[in-house]
Amino acid sequence: MKDKIGQWYKAHRSFVIYFLISVFVTLVDIVVSRVSERFVDVVIANTIGVVTGFVIQYFLCTKKVYAGSSVKTAVIFFITWLFGLGLANLIVYLVRVQLFDNREGLIYYLIGKGASIAIPFFITYFIRKKLIPAKKD
């Protein structure tokens with residue numbers, strides 16, 4: 001079993017590290033966006049959280065997942081981030097405003113935020129994997 005886990009980790013090392021960085025960034029994003037909701041609209045608060053997460057994620061990923069930072073990497077990362085931001089805000093809007101009719105409460109927040117994190121995570125990961133060279137082990 002231990003050998004299988006080790007083999008799986010070796011085969012998917014980049015994804016595991018990217019995932020762990022994303023979990024950390026997500027926690028930062030959630031805290032920042034939830035606090036920001038006290039001062040601004042939910043979509044703006046979500047944007048503040050996502051922007052904060054983007055900056056942290058870019059620096060960590062170019063150190064640990066991708067083959068360093070270059071202009072091409074920065075441009076791809078930024079464009080895929082913009083796409084992910086648009087998708088995340090659309091999901092937050094659809095869930096929080098349309099589906100739950102602007103209801104307040106932690107459960108509505110978590111459902112909207114969870115969907116806005118999970119869906120863009122996978123889409124942007126696979127786009128970036130295709131377009132940005134991976135770090136060599």
# chains A, B, ... in the order shown; residues from 1 in each chain; ligands from 1

call {"tool": "closest_atom_pairs", "arguments": {"of": "segment 60-91 of chain A", "to": "segment 9-27 of chain A", "cutoff": "9 Å", "atoms": "only C-alpha atoms", "output": "JSON lines"}}
result
{"residue": "A:Leu60", "atom": "CA", "partner": "A:Ile21", "partner_atom": "CA", "distance": 7.1}
{"residue": "A:Cys61", "atom": "CA", "partner": "A:Tyr18", "partner_atom": "CA", "distance": 6.8}
{"residue": "A:Lys64", "atom": "CA", "partner": "A:Ile17", "partner_atom": "CA", "distance": 7.3}
{"residue": "A:Val65", "atom": "CA", "partner": "A:Ser14", "partner_atom": "CA", "distance": 5.6}
{"residue": "A:Tyr66", "atom": "CA", "partner": "A:Ser14", "partner_atom": "CA", "distance": 8.3}

call {"tool": "write_last_selection", "arguments": {"atoms": "C-alpha atoms", "output": "tab-separated table (two decimals), in the first residue's frame"}}
result
chain	number	residue	atom	x	y	z
A	60	LEU	CA	4.24	29.74	-4.65
A	61	CYS	CA	3.44	27.92	-7.90
A	64	LYS	CA	7.20	24.81	-6.45
A	65	VAL	CA	5.16	23.62	-9.47
A	66	TYR	CA	6.23	25.38	-12.65

call {"tool": "residues_around", "arguments": {"residues": "segment 31-33 of chain A", "least_positions_apart": "2", "cutoff": "7 Å", "atoms": "only C-alpha atoms", "output": "JSON list (two decimals) with N, CA, C and O atoms, in the first residue's frame"}}
result
[["chain", "number", "residue", "atom", "x", "y", "z"],
["A", 27, "LEU", "N", -7.92, 29.04, 1.84],
["A", 27, "LEU", "CA", -8.17, 29.47, 3.21],
["A", 27, "LEU", "C", -7.96, 30.97, 3.36],
["A", 27, "LEU", "O", -8.77, 31.66, 3.99],
["A", 28, "VAL", "N", -6.90, 31.48, 2.75],
["A", 28, "VAL", "CA", -6.65, 32.93, 2.77],
["A", 28, "VAL", "C", -7.80, 33.65, 2.06],
["A", 28, "VAL", "O", -8.35, 34.63, 2.56],
["A", 29, "ASP", "N", -8.18, 33.16, 0.89],
["A", 29, "ASP", "CA", -9.27, 33.73, 0.09],
["A", 29, "ASP", "C", -10.57, 33.78, 0.91],
["A", 29, "ASP", "O", -11.25, 34.82, 0.95],
["A", 35, "VAL", "N", -14.42, 38.48, 5.52],
["A", 35, "VAL", "CA", -14.25, 39.73, 6.26],
["A", 35, "VAL", "C", -14.66, 40.92, 5.37],
["A", 35, "VAL", "O", -15.33, 41.84, 5.82],
["A", 36, "SER", "N", -14.28, 40.86, 4.08],
["A", 36, "SER", "CA", -14.61, 41.95, 3.16],
["A", 36, "SER", "C", -16.11, 42.12, 2.97],
["A", 36, "SER", "O", -16.58, 43.23, 2.70],
["A", 37, "GLU", "N", -16.88, 41.03, 3.11],
["A", 37, "GLU", "CA", -18.33, 41.11, 2.95],
["A", 37, "GLU", "C", -18.97, 42.06, 3.96],
["A", 37, "GLU", "O", -20.06, 42.55, 3.74],
["A", 45, "ALA", "N", -16.39, 41.53, -2.63],
["A", 45, "ALA", "CA", -15.66, 40.83, -1.57],
["A", 45, "ALA", "C", -15.01, 39.56, -2.11],
["A", 45, "ALA", "O", -13.86, 39.25, -1.78],
["A", 46, "ASN", "N", -15.73, 38.84, -2.95],
["A", 46, "ASN", "CA", -15.16, 37.63, -3.57],
["A", 46, "ASN", "C", -13.94, 37.99, -4.41],
["A", 46, "ASN", "O", -12.92, 37.31, -4.37],
["A", 48, "ILE", "N", -11.91, 40.55, -4.04],
["A", 48, "ILE", "CA", -10.79, 40.89, -3.15],
["A", 48, "ILE", "C", -10.10, 39.62, -2.66],
["A", 48, "ILE", "O", -8.87, 39.52, -2.65],
["A", 49, "GLY", "N", -10.89, 38.63, -2.26],
["A", 49, "GLY", "CA", -10.31, 37.36, -1.81],
["A", 49, "GLY", "C", -9.56, 36.64, -2.91],
["A", 49, "GLY", "O", -8.45, 36.12, -2.70]]

call {"tool": "residues_around", "arguments": {"residues": "segment 72-74 of chain A", "least_positions_apart": "4", "cutoff": "12 Å", "atoms": "only C-alpha atoms", "output": "mmCIF file with N, CA, C and O atoms, in the first residue's frame"}}
result
data_model
loop_
_atom_site.group_PDB
_atom_site.id
_atom_site.type_symbol
_atom_site.label_atom_id
_atom_site.label_comp_id
_atom_site.auth_asym_id
_atom_site.auth_seq_id
_atom_site.Cartn_x
_atom_site.Cartn_y
_atom_site.Cartn_z
ATOM 1 N N PHE A 54 -4.593 35.040 -5.726
ATOM 2 C CA PHE A 54 -3.825 34.983 -6.968
ATOM 3 C C PHE A 54 -2.360 35.345 -6.736
ATOM 4 O O PHE A 54 -1.455 34.659 -7.210
ATOM 5 N N VAL A 55 -2.141 36.419 -6.030
ATOM 6 C CA VAL A 55 -0.776 36.887 -5.796
ATOM 7 C C VAL A 55 0.025 35.822 -5.044
ATOM 8 O O VAL A 55 1.144 35.465 -5.438
ATOM 9 N N GLN A 57 -0.689 32.574 -4.782
ATOM 10 C CA GLN A 57 -0.585 31.359 -5.578
ATOM 11 C C GLN A 57 0.468 31.486 -6.687
ATOM 12 O O GLN A 57 1.230 30.551 -6.931
ATOM 13 N N TYR A 58 0.519 32.626 -7.331
ATOM 14 C CA TYR A 58 1.493 32.812 -8.410
ATOM 15 C C TYR A 58 2.918 32.599 -7.894
ATOM 16 O O TYR A 58 3.698 31.843 -8.480
ATOM 17 N N PHE A 59 3.247 33.260 -6.802
ATOM 18 C CA PHE A 59 4.613 33.153 -6.288
ATOM 19 C C PHE A 59 4.927 31.745 -5.799
ATOM 20 O O PHE A 59 6.020 31.218 -6.050
ATOM 21 N N CYS A 61 3.438 28.865 -6.781
ATOM 22 C CA CYS A 61 3.437 27.915 -7.903
ATOM 23 C C CYS A 61 4.666 28.065 -8.791
ATOM 24 O O CYS A 61 5.203 27.066 -9.271
ATOM 25 N N THR A 62 5.120 29.291 -9.009
ATOM 26 C CA THR A 62 6.314 29.444 -9.846
ATOM 27 C C THR A 62 7.568 28.944 -9.136
ATOM 28 O O THR A 62 8.555 28.624 -9.784
ATOM 29 N N LYS A 63 7.507 28.845 -7.814
ATOM 30 C CA LYS A 63 8.637 28.282 -7.053
ATOM 31 C C LYS A 63 8.563 26.764 -6.965
ATOM 32 O O LYS A 63 9.576 26.080 -7.024
ATOM 33 N N VAL A 65 5.853 24.463 -8.486
ATOM 34 C CA VAL A 65 5.157 23.622 -9.466
ATOM 35 C C VAL A 65 5.687 23.829 -10.880
ATOM 36 O O VAL A 65 5.956 22.871 -11.592
ATOM 37 N N TYR A 66 5.821 25.082 -11.288
ATOM 38 C CA TYR A 66 6.226 25.381 -12.653
ATOM 39 C C TYR A 66 7.721 25.639 -12.736
ATOM 40 O O TYR A 66 8.379 25.887 -11.744
ATOM 41 N N ALA A 67 8.222 25.609 -13.969
ATOM 42 C CA ALA A 67 9.650 25.755 -14.216
ATOM 43 C C ALA A 67 10.076 27.220 -14.118
ATOM 44 O O ALA A 67 10.634 27.790 -15.044
ATOM 45 N N GLY A 68 9.779 27.832 -12.993
ATOM 46 C CA GLY A 68 10.189 29.217 -12.757
ATOM 47 C C GLY A 68 9.237 30.225 -13.355
ATOM 48 O O GLY A 68 8.217 29.894 -13.950
ATOM 49 N N PHE A 78 -1.836 34.864 -15.516
ATOM 50 C CA PHE A 78 -2.760 35.991 -15.366
ATOM 51 C C PHE A 78 -4.026 35.800 -16.193
ATOM 52 O O PHE A 78 -5.133 36.025 -15.700
ATOM 53 N N ILE A 79 -3.885 35.372 -17.444
ATOM 54 C CA ILE A 79 -5.068 35.167 -18.298
ATOM 55 C C ILE A 79 -5.955 34.062 -17.740
ATOM 56 O O ILE A 79 -7.181 34.211 -17.691
ATOM 57 N N THR A 80 -5.348 32.962 -17.301
ATOM 58 C CA THR A 80 -6.164 31.887 -16.728
ATOM 59 C C THR A 80 -6.768 32.325 -15.399
ATOM 60 O O THR A 80 -7.877 31.920 -15.047
ATOM 61 N N TRP A 81 -6.057 33.179 -14.669
ATOM 62 C CA TRP A 81 -6.612 33.731 -13.431
ATOM 63 C C TRP A 81 -7.818 34.612 -13.730
ATOM 64 O O TRP A 81 -8.835 34.519 -13.048
ATOM 65 N N ARG A 128 -3.533 25.381 -17.322
ATOM 66 C CA ARG A 128 -2.142 25.726 -17.008
ATOM 67 C C ARG A 128 -1.209 24.547 -17.238
ATOM 68 O O ARG A 128 -0.084 24.718 -17.718
ATOM 69 N N LYS A 129 -1.654 23.367 -16.896
ATOM 70 C CA LYS A 129 -0.820 22.171 -17.091
ATOM 71 C C LYS A 129 -0.466 22.002 -18.567
ATOM 72 O O LYS A 129 0.643 21.611 -18.910
ATOM 73 N N LYS A 130 -1.412 22.321 -19.409
ATOM 74 C CA LYS A 130 -1.203 22.195 -20.847
ATOM 75 C C LYS A 130 -0.265 23.287 -21.386
ATOM 76 O O LYS A 130 0.515 23.033 -22.302
ATOM 77 N N LEU A 131 -0.319 24.495 -20.790
ATOM 78 C CA LEU A 131 0.373 25.638 -21.360
ATOM 79 C C LEU A 131 1.681 26.057 -20.677
ATOM 80 O O LEU A 131 2.498 26.734 -21.279
ATOM 81 N N ILE A 132 1.862 25.676 -19.383
ATOM 82 C CA ILE A 132 3.055 26.113 -18.648
ATOM 83 C C ILE A 132 3.940 24.909 -18.362
ATOM 84 O O ILE A 132 3.478 23.900 -17.841
ATOM 85 N N PRO A 133 5.234 25.020 -18.674
ATOM 86 C CA PRO A 133 6.137 23.889 -18.406
ATOM 87 C C PRO A 133 6.216 23.583 -16.910
ATOM 88 O O PRO A 133 6.278 24.489 -16.080
ATOM 89 N N ALA A 134 6.224 22.296 -16.589
ATOM 90 C CA ALA A 134 6.306 21.862 -15.199
ATOM 91 C C ALA A 134 7.745 21.899 -14.721
ATOM 92 O O ALA A 134 8.686 21.778 -15.508
#

call {"tool": "closest_residue", "arguments": {"among": "A:Gly84, A:Trp8, A:Asp41, A:Val71", "to": "Thr124 of chain A", "atoms": "only C-alpha atoms"}}
result
A:Gly84

call {"tool": "select_by_dssp", "arguments": {"residues": "segment 34-109 of chain A", "states": "helix (DSSP H, G or I)", "output": "number ranges by chain"}}
result
A: 34-36, 42-64, 71-99, 106-109

call {"tool": "atom_distance", "arguments": {"atom1": "atom CA of Leu85 of chain A", "atom2": "atom CA of Val51 of chain A"}}
result
8.4 Å

call {"tool": "atom_distance", "arguments": {"atom1": "atom CA of Glu104 of chain A", "atom2": "atom CA of Ile30 of chain A"}}
result
15.8 Å

call {"tool": "atom_distance", "arguments": {"atom1": "atom CA of Ser69 of chain A", "atom2": "atom CA of Lys135 of chain A"}}
result
10.6 Å

call {"tool": "closest_residue", "arguments": {"among": "A:Phe83, A:Phe77, A:Tyr93, A:Tyr108", "to": "Arg34 of chain A", "atoms": "only C-alpha atoms"}}
result
A:Tyr108

call {"tool": "residues_around", "arguments": {"residues": "Ala115 of chain A", "least_positions_apart": "5", "cutoff": "8 Å", "atoms": "only C-alpha atoms", "output": "VMD selection string"}}
result
chain A and resid 88 91 to 92
